[in-house]
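Engineer: My file is model24.cif. It has mmCIF, C-alpha atoms:
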```cif
data_upload
#
loop_
_atom_site.label_atom_id
_atom_site.label_comp_id
_atom_site.auth_asym_id
_atom_site.auth_seq_id
_atom_site.Cartn_x
_atom_site.Cartn_y
_atom_site.Cartn_z
CA MET A 1 -112.22 67.24 -103.84
CA LYS A 2 -110.45 65.15 -106.48
CA LYS A 3 -111.65 61.61 -107.03
CA ASN A 4 -109.21 58.93 -105.94
CA ILE A 5 -108.87 56.23 -108.59
CA ALA A 6 -107.09 53.00 -107.66
CA ILE A 7 -105.24 51.46 -110.61
CA ILE A 8 -104.54 47.77 -110.00
CA LEU A 9 -101.66 46.68 -112.23
CA ALA A 10 -102.28 43.05 -113.21
CA GLY A 11 -100.52 42.75 -116.55
CA GLY A 12 -97.78 40.34 -115.42
CA LYS A 13 -97.37 36.83 -116.80
CA GLY A 14 -95.72 35.32 -113.69
CA VAL A 15 -92.66 34.06 -115.56
CA ARG A 16 -90.37 34.14 -112.51
CA LEU A 17 -92.89 32.15 -110.49
CA GLY A 18 -92.81 29.33 -113.03
CA GLU A 19 -96.58 28.83 -113.06
CA GLN A 20 -98.85 28.38 -116.09
CA ARG A 21 -101.27 31.02 -114.80
CA PRO A 22 -100.12 34.54 -113.90
CA LYS A 23 -99.41 35.01 -110.21
CA GLN A 24 -102.29 37.46 -109.68
CA LEU A 25 -104.68 34.58 -110.50
CA LEU A 26 -103.12 32.05 -108.11
CA LYS A 27 -105.14 31.15 -105.01
CA ILE A 28 -103.79 32.03 -101.59
CA ALA A 29 -105.81 31.89 -98.37
CA GLY A 30 -108.95 30.83 -100.19
CA ARG A 31 -109.10 33.52 -102.88
CA LYS A 32 -107.21 34.57 -105.98
CA VAL A 33 -104.43 37.01 -105.17
CA ILE A 34 -106.06 39.86 -107.10
CA GLU A 35 -109.35 39.26 -105.24
CA HIS A 36 -107.62 40.00 -101.93
CA THR A 37 -106.08 43.14 -103.43
CA LEU A 38 -109.32 44.40 -104.93
CA GLU A 39 -111.16 43.79 -101.65
CA VAL A 40 -108.83 46.20 -99.81
CA PHE A 41 -109.47 49.04 -102.27
CA GLU A 42 -113.17 48.21 -102.64
CA THR A 43 -113.68 48.61 -98.89
CA HIS A 44 -111.54 51.74 -98.43
CA PRO A 45 -113.89 54.69 -97.83
CA GLU A 46 -111.69 57.24 -99.67
CA ILE A 47 -111.31 55.22 -102.87
CA ASP A 48 -113.94 56.40 -105.33
CA GLU A 49 -113.24 54.08 -108.24
CA VAL A 50 -111.07 51.10 -109.19
CA ALA A 51 -109.62 50.12 -112.56
CA VAL A 52 -107.69 46.95 -113.36
CA VAL A 53 -105.04 46.92 -116.06
CA SER A 54 -104.86 43.30 -117.18
CA ASN A 55 -102.90 41.06 -119.46
CA PRO A 56 -105.21 40.90 -122.53
CA ASP A 57 -105.28 37.10 -122.32
CA HIS A 58 -106.93 37.28 -118.89
CA ILE A 59 -109.51 40.05 -119.26
CA SER A 60 -112.27 37.44 -119.03
CA ASP A 61 -110.81 36.15 -115.73
CA ILE A 62 -110.96 39.65 -114.25
CA GLU A 63 -114.51 40.12 -115.50
CA GLU A 64 -115.54 36.86 -113.84
CA ILE A 65 -113.85 37.90 -110.57
CA ALA A 66 -115.66 41.24 -110.64
CA LYS A 67 -119.00 39.52 -111.18
CA LEU A 68 -118.55 36.86 -108.49
CA ASN A 69 -117.43 39.40 -105.87
CA SER A 70 -119.85 42.20 -106.78
CA PHE A 71 -117.07 44.79 -106.66
CA THR A 72 -119.13 47.96 -107.10
CA LYS A 73 -116.15 50.32 -107.41
CA LEU A 74 -114.50 48.39 -110.25
CA LYS A 75 -115.47 50.49 -113.28
CA LYS A 76 -112.82 49.75 -115.90
CA ILE A 77 -110.84 46.69 -117.02
CA LEU A 78 -108.11 47.91 -119.35
CA ASN A 79 -105.61 46.19 -121.62
CA GLY A 80 -102.03 46.22 -120.41
CA GLY A 81 -98.93 46.00 -122.55
CA ALA A 82 -95.60 44.24 -122.87
CA GLU A 83 -93.88 46.42 -120.25
CA ARG A 84 -95.03 47.68 -116.87
CA TYR A 85 -95.03 51.29 -118.06
CA ASP A 86 -97.44 50.28 -120.86
CA SER A 87 -99.95 49.35 -118.16
CA SER A 88 -99.46 52.67 -116.38
CA LEU A 89 -99.93 54.52 -119.66
CA SER A 90 -103.11 52.60 -120.36
CA ALA A 91 -104.58 53.88 -117.10
CA ILE A 92 -103.31 57.44 -117.58
CA ASN A 93 -104.89 57.59 -121.04
CA ALA A 94 -108.19 56.19 -119.70
CA TYR A 95 -108.49 59.09 -117.22
CA SER A 96 -106.60 61.82 -119.10
CA ASP A 97 -109.75 63.94 -119.49
CA GLN A 98 -110.40 64.06 -115.73
CA ASP A 99 -108.72 65.92 -112.87
CA VAL A 100 -108.18 62.95 -110.54
CA ASN A 101 -105.60 61.25 -108.35
CA LEU A 102 -104.26 57.96 -109.66
CA ILE A 103 -103.13 55.42 -107.08
CA PHE A 104 -101.13 52.66 -108.76
CA HIS A 105 -100.82 49.34 -106.94
CA ASP A 106 -99.38 45.95 -107.85
CA ALA A 107 -102.11 43.32 -108.00
CA VAL A 108 -99.62 40.89 -106.45
CA ARG A 109 -99.28 42.88 -103.21
CA PRO A 110 -102.50 41.56 -101.60
CA LEU A 111 -101.57 42.48 -98.02
CA VAL A 112 -101.67 46.24 -98.48
CA ASN A 113 -103.81 47.82 -95.78
CA HIS A 114 -106.12 50.79 -95.35
CA ARG A 115 -103.57 52.74 -93.31
CA ILE A 116 -101.05 52.80 -96.17
CA ILE A 117 -103.73 53.84 -98.68
CA SER A 118 -105.04 56.57 -96.36
CA ASP A 119 -101.54 57.96 -95.82
CA CYS A 120 -101.01 58.14 -99.58
CA ILE A 121 -104.28 60.00 -100.10
CA THR A 122 -103.46 62.42 -97.27
CA ALA A 123 -100.00 63.10 -98.73
CA LEU A 124 -101.58 63.93 -102.11
CA GLN A 125 -103.17 66.98 -100.49
CA THR A 126 -99.66 68.47 -100.26
CA TYR A 127 -97.58 66.65 -102.90
CA ASN A 128 -98.21 65.63 -106.50
CA ALA A 129 -96.22 62.39 -106.28
CA VAL A 130 -96.15 59.87 -103.44
CA ASP A 131 -94.20 56.64 -102.98
CA VAL A 132 -94.39 53.90 -100.32
CA ALA A 133 -91.22 52.38 -98.88
CA ILE A 134 -89.67 50.71 -95.85
CA LYS A 135 -86.14 51.07 -94.51
CA THR A 136 -83.84 48.35 -95.77
CA THR A 137 -82.65 45.96 -93.08
CA ASP A 138 -79.83 44.43 -95.10
CA THR A 139 -76.52 45.90 -96.14
CA ILE A 140 -76.66 46.75 -99.86
CA ILE A 141 -73.55 46.17 -101.93
CA GLN A 142 -72.82 47.43 -105.42
CA VAL A 143 -71.05 44.74 -107.45
CA GLN A 144 -69.05 44.90 -110.66
CA ASP A 145 -67.30 41.86 -112.18
CA ASN A 146 -68.19 39.85 -109.04
CA LEU A 147 -66.28 42.33 -106.88
CA ILE A 148 -67.72 44.81 -104.39
CA ASN A 149 -67.51 48.21 -105.97
CA GLU A 150 -69.29 50.24 -103.30
CA ILE A 151 -71.26 49.82 -100.04
CA PRO A 152 -73.84 52.64 -99.80
CA ASN A 153 -74.80 54.03 -96.40
CA ARG A 154 -77.77 51.92 -95.26
CA ASP A 155 -79.23 54.82 -93.26
CA PHE A 156 -80.47 56.39 -96.49
CA LEU A 157 -81.66 53.25 -98.26
CA TYR A 158 -85.29 52.12 -98.50
CA ASN A 159 -87.10 49.28 -100.26
CA GLY A 160 -89.81 50.61 -102.56
CA GLN A 161 -93.35 49.21 -102.45
CA THR A 162 -96.70 50.24 -103.85
CA PRO A 163 -99.10 52.07 -103.94
CA GLN A 164 -97.52 54.96 -105.81
CA ALA A 165 -99.90 57.89 -106.05
CA PHE A 166 -100.01 60.95 -108.29
CA ALA A 167 -102.00 63.92 -109.36
CA ILE A 168 -102.85 62.87 -112.92
CA GLY A 169 -101.32 66.00 -114.43
CA THR A 170 -97.95 65.16 -112.91
CA ILE A 171 -97.71 61.53 -113.97
CA LYS A 172 -99.13 62.34 -117.41
CA ARG A 173 -96.51 65.08 -117.97
CA ALA A 174 -93.70 62.77 -116.79
CA TYR A 175 -94.66 60.12 -119.34
CA GLU A 176 -95.06 62.65 -122.13
CA LEU A 177 -91.43 63.67 -121.56
CA ALA A 178 -90.27 60.08 -121.11
CA LEU A 179 -91.75 58.95 -124.41
CA GLN A 180 -89.67 61.59 -126.19
CA ASP A 181 -86.51 59.92 -124.85
CA PRO A 182 -85.28 57.15 -127.21
CA ASN A 183 -83.43 55.55 -124.27
CA PHE A 184 -86.44 55.54 -121.97
CA ARG A 185 -86.61 52.59 -119.58
CA ALA A 186 -88.72 52.41 -116.42
CA THR A 187 -89.45 49.93 -113.66
CA ASP A 188 -91.79 52.12 -111.62
CA ASP A 189 -93.79 55.31 -111.96
CA CYS A 190 -92.02 57.35 -109.28
CA GLY A 191 -88.80 56.71 -111.19
CA VAL A 192 -90.34 58.28 -114.28
CA VAL A 193 -91.34 61.39 -112.33
CA LYS A 194 -87.92 61.61 -110.66
CA LYS A 195 -86.03 61.40 -113.95
CA TYR A 196 -88.17 63.59 -116.17
CA ILE A 197 -89.57 66.11 -113.67
CA PRO A 198 -86.62 66.27 -111.21
CA GLU A 199 -87.93 69.43 -109.57
CA GLU A 200 -91.11 67.60 -108.43
CA LYS A 201 -90.90 66.50 -104.80
CA ILE A 202 -91.84 62.86 -104.19
CA TYR A 203 -93.12 62.23 -100.67
CA VAL A 204 -92.45 58.83 -99.07
CA VAL A 205 -95.13 57.12 -96.99
CA HIS A 206 -93.97 54.47 -94.55
CA GLY A 207 -95.01 51.01 -95.77
CA GLU A 208 -95.15 47.69 -93.94
CA GLN A 209 -92.86 44.67 -93.95
CA PHE A 210 -95.85 42.44 -94.72
CA ASN A 211 -96.81 44.48 -97.82
CA MET A 212 -94.67 42.11 -99.85
CA LYS A 213 -94.84 41.32 -103.54
CA LEU A 214 -95.55 37.82 -104.80
CA THR A 215 -92.59 37.13 -107.07
CA TYR A 216 -91.07 33.71 -106.37
CA LYS A 217 -92.47 30.30 -105.37
CA GLU A 218 -91.30 30.77 -101.79
CA ASP A 219 -93.45 33.91 -101.54
CA VAL A 220 -96.64 31.86 -101.90
CA PHE A 221 -95.92 30.11 -98.60
CA LEU A 222 -94.92 33.33 -96.83
CA ILE A 223 -97.97 35.29 -97.98
CA ASP A 224 -100.28 32.44 -97.00
CA LYS A 225 -98.80 32.47 -93.50
CA LEU A 226 -99.13 36.25 -93.32
CA PHE A 227 -102.82 35.95 -94.17
CA GLN A 228 -103.17 33.49 -91.29
CA LEU A 229 -101.61 36.03 -88.93
CA LYS A 230 -103.89 38.71 -90.36
CA SER A 231 -106.86 36.44 -89.61
CA SER A 232 -106.00 36.19 -85.92
CA LEU A 233 -108.82 37.15 -83.60
CA GLY A 234 -108.47 38.48 -80.08
CA THR A 235 -110.80 37.42 -77.32
CA GLY A 236 -113.52 39.81 -78.46
CA GLY A 237 -115.61 39.02 -75.40
CA SER A 238 -118.02 36.19 -74.73
CA SER A 239 -121.15 37.63 -76.32
CA LEU A 240 -122.22 38.16 -79.91
CA SER A 241 -122.72 41.57 -81.50
CA GLU A 242 -126.27 42.72 -82.14
CA GLY A 243 -125.68 42.45 -85.88
CA ILE A 244 -124.64 38.79 -85.72
CA GLN A 245 -127.46 37.98 -83.29
CA SER A 246 -130.09 39.39 -85.62
CA THR A 247 -128.58 37.54 -88.60
CA LEU A 248 -128.51 34.26 -86.69
CA LYS A 249 -132.24 34.27 -86.09
CA ASN A 250 -133.92 31.26 -87.74
CA LYS A 251 -130.65 29.99 -89.23
CA VAL A 252 -130.26 26.21 -89.07
CA LEU A 253 -127.06 25.10 -87.41
CA VAL A 254 -125.75 21.54 -86.98
CA VAL A 255 -122.92 20.91 -84.51
CA PHE A 256 -121.11 17.60 -84.31
CA GLY A 257 -119.48 17.26 -80.91
CA GLY A 258 -122.00 19.66 -79.42
CA SER A 259 -122.61 17.97 -76.08
CA TYR A 260 -119.89 19.90 -74.22
CA GLY A 261 -117.03 22.38 -74.56
CA ILE A 262 -116.80 24.71 -77.56
CA GLY A 263 -119.57 22.91 -79.48
CA LYS A 264 -122.06 23.34 -76.64
CA GLU A 265 -121.17 27.03 -76.27
CA ILE A 266 -121.80 27.58 -80.00
CA LEU A 267 -125.22 25.99 -79.70
CA ASP A 268 -126.10 27.94 -76.53
CA LEU A 269 -125.11 31.29 -78.07
CA SER A 270 -126.95 30.47 -81.28
CA ALA A 271 -130.10 29.46 -79.41
CA GLN A 272 -130.07 32.76 -77.50
CA ALA A 273 -130.11 34.55 -80.88
CA GLY A 274 -133.04 32.47 -82.15
CA ALA A 275 -131.14 30.02 -84.34
CA LYS A 276 -132.32 26.45 -84.75
CA GLY A 277 -129.46 24.35 -83.43
CA TYR A 278 -128.97 20.59 -83.58
CA SER A 279 -126.34 18.71 -81.60
CA PHE A 280 -124.94 15.31 -82.53
CA SER A 281 -122.30 13.35 -80.67
CA ARG A 282 -121.60 9.92 -79.26
CA SER A 283 -123.94 10.83 -76.40
CA ASN A 284 -126.87 10.60 -78.83
CA ASP A 285 -125.36 7.76 -80.87
CA VAL A 286 -123.76 9.70 -83.70
CA ASP A 287 -120.10 8.90 -84.32
CA VAL A 288 -118.46 11.32 -86.76
CA SER A 289 -116.27 8.51 -88.10
CA SER A 290 -119.42 6.76 -89.38
CA ALA A 291 -120.53 8.15 -92.74
CA GLU A 292 -123.91 6.46 -92.37
CA GLN A 293 -124.62 8.05 -88.98
CA VAL A 294 -123.47 11.52 -90.08
CA ALA A 295 -125.52 11.30 -93.29
CA ALA A 296 -128.62 10.21 -91.36
CA ALA A 297 -128.24 13.03 -88.83
CA LEU A 298 -127.95 15.69 -91.54
CA LYS A 299 -130.83 14.26 -93.56
CA GLY A 300 -133.04 14.26 -90.47
CA VAL A 301 -132.38 17.97 -89.89
CA TYR A 302 -132.89 18.83 -93.55
CA ASP A 303 -136.14 16.87 -93.77
CA LYS A 304 -137.45 18.76 -90.74
CA GLU A 305 -136.20 22.29 -91.50
CA GLY A 306 -135.92 22.29 -95.30
CA ARG A 307 -132.43 23.77 -95.16
CA ILE A 308 -129.07 23.68 -93.35
CA ASP A 309 -127.07 26.90 -93.16
CA PHE A 310 -124.05 25.94 -91.10
CA VAL A 311 -122.28 22.73 -90.09
CA VAL A 312 -119.65 22.71 -87.34
CA ASN A 313 -117.48 19.81 -86.26
CA THR A 314 -115.82 20.16 -82.85
CA ALA A 315 -115.61 16.41 -82.16
CA ALA A 316 -112.09 15.37 -81.10
CA VAL A 317 -110.16 13.00 -78.87
CA LEU A 318 -106.70 13.44 -77.38
CA ASP A 319 -104.58 10.61 -75.98
CA LYS A 320 -101.45 12.09 -74.44
CA GLN A 321 -99.07 9.18 -74.94
CA SER A 322 -95.81 8.50 -76.76
CA LEU A 323 -96.15 6.68 -80.06
CA THR A 324 -94.32 3.66 -78.70
CA ASN A 325 -96.84 3.28 -75.87
CA ILE A 326 -100.13 4.07 -77.56
CA SER A 327 -102.08 1.06 -78.80
CA TYR A 328 -103.05 0.63 -82.45
CA GLU A 329 -106.67 0.64 -81.33
CA ASP A 330 -106.23 4.12 -79.88
CA ILE A 331 -104.23 5.28 -82.92
CA ILE A 332 -107.04 4.24 -85.26
CA LYS A 333 -109.65 5.80 -82.98
CA SER A 334 -107.73 9.11 -82.94
CA ILE A 335 -107.32 9.20 -86.72
CA ASN A 336 -110.95 8.22 -87.28
CA ILE A 337 -112.42 10.89 -85.02
CA ASN A 338 -109.89 13.71 -85.45
CA TYR A 339 -109.39 13.47 -89.22
CA LEU A 340 -111.72 11.00 -90.94
CA GLY A 341 -114.62 12.49 -88.97
CA SER A 342 -113.96 15.94 -90.44
CA VAL A 343 -113.68 14.48 -93.93
CA ILE A 344 -117.02 12.72 -93.51
CA VAL A 345 -118.76 15.76 -92.00
CA ALA A 346 -117.52 17.98 -94.82
CA LYS A 347 -118.41 15.49 -97.56
CA GLU A 348 -121.91 14.71 -96.24
CA SER A 349 -122.65 18.41 -95.58
CA PHE A 350 -121.75 19.62 -99.04
CA LYS A 351 -125.04 19.10 -100.85
CA TYR A 352 -126.99 20.93 -98.14
CA LEU A 353 -124.55 23.83 -97.82
CA ASN A 354 -124.12 24.16 -101.58
CA GLU A 355 -127.88 24.66 -101.78
CA SER A 356 -127.97 27.26 -98.98
CA LYS A 357 -124.60 28.87 -99.88
CA GLY A 358 -123.64 28.09 -96.32
CA ALA A 359 -120.47 27.37 -94.38
CA VAL A 360 -118.70 24.50 -92.69
CA LEU A 361 -116.30 25.02 -89.79
CA LEU A 362 -113.61 22.62 -88.63
CA TYR A 363 -111.04 22.87 -85.86
CA THR A 364 -107.29 22.54 -85.81
CA SER A 365 -104.76 23.04 -83.02
CA SER A 366 -101.66 25.15 -82.56
CA SER A 367 -99.77 21.85 -82.75
CA TYR A 368 -100.52 21.68 -86.50
CA THR A 369 -97.50 23.90 -87.24
CA ARG A 370 -95.09 21.61 -85.41
CA GLY A 371 -95.77 18.11 -84.09
CA ARG A 372 -95.84 17.92 -80.29
CA SER A 373 -94.12 15.29 -78.23
CA LEU A 374 -96.54 12.84 -76.55
CA TYR A 375 -99.38 13.60 -78.94
CA SER A 376 -97.92 13.00 -82.37
CA ILE A 377 -101.09 11.38 -83.75
CA TYR A 378 -103.35 14.18 -82.55
CA SER A 379 -101.10 16.98 -83.88
CA SER A 380 -100.58 15.29 -87.25
CA THR A 381 -104.35 14.89 -87.75
CA LYS A 382 -104.77 18.59 -86.96
CA ALA A 383 -102.19 19.44 -89.63
CA ALA A 384 -104.25 17.33 -92.05
CA ILE A 385 -107.36 19.40 -91.20
CA VAL A 386 -105.60 22.56 -92.40
CA ASN A 387 -104.68 20.91 -95.71
CA LEU A 388 -108.23 19.63 -96.09
CA VAL A 389 -109.73 23.10 -95.58
CA GLN A 390 -107.31 24.76 -98.00
CA ALA A 391 -108.02 22.14 -100.69
CA LEU A 392 -111.80 22.13 -100.31
CA CYS A 393 -112.09 25.90 -100.51
CA GLU A 394 -110.87 25.59 -104.11
CA GLU A 395 -113.19 22.69 -104.90
CA TRP A 396 -116.24 24.40 -103.39
CA PRO A 397 -116.70 27.95 -104.72
CA ASP A 398 -120.19 28.29 -103.21
CA VAL A 399 -119.48 26.79 -99.77
CA ARG A 400 -117.23 28.61 -97.33
CA ILE A 401 -114.95 26.35 -95.32
CA ASN A 402 -112.53 27.48 -92.62
CA CYS A 403 -110.88 26.10 -89.53
CA ILE A 404 -110.51 27.66 -86.11
CA ASN A 405 -107.14 27.42 -84.38
CA PRO A 406 -107.74 28.28 -80.73
CA GLU A 407 -104.99 28.73 -78.19
CA ARG A 408 -105.19 26.49 -75.17
CA THR A 409 -108.86 26.38 -74.19
CA LYS A 410 -110.43 25.20 -70.97
CA THR A 411 -112.43 22.23 -72.26
CA PRO A 412 -113.16 18.88 -70.59
CA MET A 413 -110.76 17.22 -73.05
CA ARG A 414 -107.93 19.51 -72.00
CA VAL A 415 -108.61 19.14 -68.27
CA LYS A 416 -108.62 15.35 -68.68
CA ASN A 417 -105.15 15.39 -70.27
CA PHE A 418 -103.43 18.31 -68.54
CA GLY A 419 -105.15 18.62 -65.18
CA ASN A 420 -105.87 21.94 -63.50
CA GLU A 421 -104.22 24.99 -65.06
CA ALA A 422 -104.41 28.68 -64.20
CA ASP A 423 -107.64 30.12 -65.60
CA ASP A 424 -105.89 33.24 -66.89
CA SER A 425 -103.63 31.06 -69.06
CA LEU A 426 -106.54 29.49 -70.96
CA LEU A 427 -109.20 30.71 -73.35
CA LYS A 428 -112.79 30.30 -72.26
CA PRO A 429 -114.89 28.06 -74.53
CA GLU A 430 -117.47 30.80 -74.99
CA VAL A 431 -114.80 33.13 -76.40
CA VAL A 432 -113.84 30.53 -79.02
CA ALA A 433 -117.56 30.04 -79.72
CA VAL A 434 -118.01 33.76 -80.46
CA ALA A 435 -115.04 33.71 -82.86
CA SER A 436 -116.46 30.57 -84.47
CA ILE A 437 -119.87 32.12 -85.13
CA ASN A 438 -118.26 35.30 -86.47
CA THR A 439 -116.25 33.14 -88.90
CA LEU A 440 -119.39 31.34 -90.09
CA PHE A 441 -120.80 34.71 -91.19
CA SER A 442 -117.59 36.06 -92.72
CA ASP A 443 -116.78 35.86 -96.42
CA LYS A 444 -113.51 34.07 -95.68
CA SER A 445 -112.83 30.63 -97.07
CA GLY A 446 -109.85 28.31 -96.85
CA GLN A 447 -108.35 30.15 -93.91
CA VAL A 448 -106.95 29.25 -90.53
CA ILE A 449 -108.46 31.63 -87.98
CA ASP A 450 -106.28 31.97 -84.89
CA VAL A 451 -108.11 32.76 -81.66
CA LYS A 452 -105.75 34.15 -79.05
CA LEU A 453 -105.83 35.32 -75.47
#
```
What do you get writing this file as structure tokens?
Structural biologist:
Amino acid sequence: MKKNIAIILAGGKGVRLGEQRPKQLLKIAGRKVIEHTLEVFETHPEIDEVAVVSNPDHISDIEEIAKLNSFTKLKKILNGGAERYDSSLSAINAYSDQDVNLIFHDAVRPLVNHRIISDCITALQTYNAVDVAIKTTDTIIQVQDNLINEIPNRDFLYNGQTPQAFAIGTIKRAYELALQDPNFRATDDCGVVKKYIPEEKIYVVHGEQFNMKLTYKEDVFLIDKLFQLKSSLGTGGSSLSEGIQSTLKNKVLVVFGGSYGIGKEILDLSAQAGAKGYSFSRSNDVDVSSAEQVAAALKGVYDKEGRIDFVVNTAAVLDKQSLTNISYEDIIKSININYLGSVIVAKESFKYLNESKGAVLLYTSSSYTRGRSLYSIYSSTKAAIVNLVQALCEEWPDVRINCINPERTKTPMRVKNFGNEADDSLLKPEVVAVASINTLFSDKSGQVIDVKL
């Protein structure tokens, strides 16, 4: 069996994005774009080796990323060139003495998935050249002098993506012929094969709409949102897996707002797995909007246990009133508990979690994406939580911080404000608790984790 070598093309300078750093080194959803991309290929069981072709000015950045993430399959970091085809040639030359498959992928397509990669590898068993594409959904027009010259039949038009995969002999031969052409120009590798080895069949694997390329500023927002959708969790049951249970044993967990609802369920599940859980809330005289009380609570746990692994803040209040009717006293209380409390919990937890390389978990609400009538203060504080998490994940490289976004959940706070609702229309608190604990143990940071029915 031929080895499958993933070639991550990261030679771009990000000129069209208008950023000082190349787009592959921008942070989206808590990690640099190329980190997301490398993770997909690192974890694919059929990828034997990974090489990155980098802009020479950023080789050290790629080396640092490889070290921090412990990417075991990343074996080569190669110099790219002025044009895209220079980067492809760099990889071809690096493996020219081996009979391998080369799977070229844009570093700035971080949402590629295992299915697409697997389909490419399977196709290489029959074909020597493989492309990835999706059917175009727009009408394509050919324009000359600002006038429509032709409207091709959309039924035969596709938008090309990556990976593009080749038997090395095929792509090497195509470039050898191309470099003899004084008019050679190329934008992708399948185009080189098509032009210079026209008899070679190029198989097309079906891609995905979300396998988009980061090119313009607007794409940063879209890709971030797509990562949020990718991070959605189903119900997943109301019990922890054996693996998580065994890992939880003897971990030290602090939950603010742990006297009822989701916080209590997290503590109960953790205790069943042998974790050492501590609950703080107004019921035992700890108000999350008081920095002194939060600091004292955390110090007390640390002094007793010698470490803190996880800190969770589920404390919240909801006053379902119009802005014109709610009192300033209640407005300040809502902001203090729902937003300032999370700021304080995160800030006071940092030194303990930085020492343990632990995680902090906050909570948002589906209302963060669009303010809801009758609870404008609550929903706006929940939007602020998302911004806080995304910012802190960049400030804190050694502390993971995420927020859970549960669908409507049957908690005392919800019953108080909405009355009785059909049980099958609400998440159970224990289901959100399972998703919360799973997130604490994940390597994610800076992400909004949706928990859905």
Engineer: Using all atoms listed in the file, which residues of segment 92-185 of chain A come within 12 Å of segment 54-76 of chain A, and what is the closest atom pair for each, with the distance in Å to one decimal? Give it as JSON lines, sorted by chain and residue number.
Structural biologist:
```
{"residue": "A:Ala94", "atom": "CA", "partner": "A:Lys76", "partner_atom": "CA", "distance": 8.8}
{"residue": "A:Tyr95", "atom": "CA", "partner": "A:Lys76", "partner_atom": "CA", "distance": 10.4}
{"residue": "A:Asp106", "atom": "CA", "partner": "A:Ser54", "partner_atom": "CA", "distance": 11.1}
{"residue": "A:Ala107", "atom": "CA", "partner": "A:Ser54", "partner_atom": "CA", "distance": 9.6}
```
Engineer: Go ahead and save the residues from that selection, with C-alpha atoms, as a compact mmCIF listing (two decimals), in the frame of the given file.
Structural biologist:
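Contents of part_7.txt, freshly written:
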```txt
# COMPACT_ATOMS: atom_id res chain seq x y z
CA ALA A 94 -108.19 56.19 -119.70
CA TYR A 95 -108.49 59.09 -117.22
CA ASP A 106 -99.38 45.95 -107.85
CA ALA A 107 -102.11 43.32 -108.00
```
Engineer: Would you translate the PyMOL selection byres ((chain A and resi 120) around 10) into the concrete set of residues it matches in this file, as a ChimeraX atom specification?
Structural biologist: /A:103,114-119,121-125,127,129-132,162-166,203-206
Engineer: One decimal, in Å: what's the spacing between atom CA of Glu83 of chain A and atom CA of Ile171 of chain A?
Structural biologist: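 Taking atom CA of Glu83 of chain A as the start and atom CA of Ile171 of chain A as the end point, the length is 16.8 Å.
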Engineer: Let me know the residues the PyMOL selection byres ((chain A and resi 347-350) around 9) catches in the file above, as a PDB file with C-alpha atoms, in the coordinates of the input.
Structural biologist:
```pdb
ATOM      1  CA  ALA A 291    -120.530   8.150 -92.740  1.00  0.00           C
ATOM      2  CA  VAL A 294    -123.470  11.520 -90.080  1.00  0.00           C
ATOM      3  CA  ALA A 295    -125.520  11.300 -93.290  1.00  0.00           C
ATOM      4  CA  LEU A 298    -127.950  15.690 -91.540  1.00  0.00           C
ATOM      5  CA  ILE A 308    -129.070  23.680 -93.350  1.00  0.00           C
ATOM      6  CA  PHE A 310    -124.050  25.940 -91.100  1.00  0.00           C
ATOM      7  CA  VAL A 311    -122.280  22.730 -90.090  1.00  0.00           C
ATOM      8  CA  SER A 342    -113.960  15.940 -90.440  1.00  0.00           C
ATOM      9  CA  VAL A 343    -113.680  14.480 -93.930  1.00  0.00           C
ATOM     10  CA  ILE A 344    -117.020  12.720 -93.510  1.00  0.00           C
ATOM     11  CA  VAL A 345    -118.760  15.760 -92.000  1.00  0.00           C
ATOM     12  CA  ALA A 346    -117.520  17.980 -94.820  1.00  0.00           C
ATOM     13  CA  LYS A 351    -125.040  19.100-100.850  1.00  0.00           C
ATOM     14  CA  TYR A 352    -126.990  20.930 -98.140  1.00  0.00           C
ATOM     15  CA  LEU A 353    -124.550  23.830 -97.820  1.00  0.00           C
ATOM     16  CA  ASN A 354    -124.120  24.160-101.580  1.00  0.00           C
ATOM     17  CA  GLU A 355    -127.880  24.660-101.780  1.00  0.00           C
ATOM     18  CA  VAL A 360    -118.700  24.500 -92.690  1.00  0.00           C
ATOM     19  CA  TRP A 396    -116.240  24.400-103.390  1.00  0.00           C
ATOM     20  CA  VAL A 399    -119.480  26.790 -99.770  1.00  0.00           C
TER      21      VAL A 399
END
```
Engineer: Mind giving me the straight-line distance from atom CA of Val448 of chain A to atom CA of Val432 of chain A in Å, one decimal?
Structural biologist: 13.5 Å
Engineer: So what do you get for atom CA of Lys276 of chain A versus atom CA of Gln447 of chain A, distance-wise?
Structural biologist: 25.9 Å
Engineer: Take the PyMOL selection byres ((chain A and resi 409) around 10), apply it to the structure above, and return the hits as a ChimeraX atom specification.
Structural biologist: /A:261-262,406-408,410-415,423,425-432,451-453
Engineer: I want to know what sits within 10 Å of Leu226 of chain A, based on only C-alpha atoms, with residues of the same chain fewer than 6 positions away left out; could you give that as a short mmCIF file (atom, residue, chain, number, x, y, z; two decimals) with C-alpha atoms, in the frame of the given file?
Structural biologist:
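For reference, result16.cif as written:
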```cif
data_model
loop_
_atom_site.label_atom_id
_atom_site.label_comp_id
_atom_site.auth_asym_id
_atom_site.auth_seq_id
_atom_site.Cartn_x
_atom_site.Cartn_y
_atom_site.Cartn_z
CA ALA A 29 -105.81 31.89 -98.37
CA LEU A 111 -101.57 42.48 -98.02
CA PHE A 210 -95.85 42.44 -94.72
CA ASN A 211 -96.81 44.48 -97.82
CA MET A 212 -94.67 42.11 -99.85
CA VAL A 220 -96.64 31.86 -101.90
#
```
Engineer: So, with all atoms listed in the file as the atoms that count, which of A:Met1, A:Glu329, A:Asn113, A:Tyr363 lies closest to Thr43 of chain A?
Structural biologist: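 Counting all atoms listed in the file, the residue closest to Thr43 of chain A is A:Asn113.
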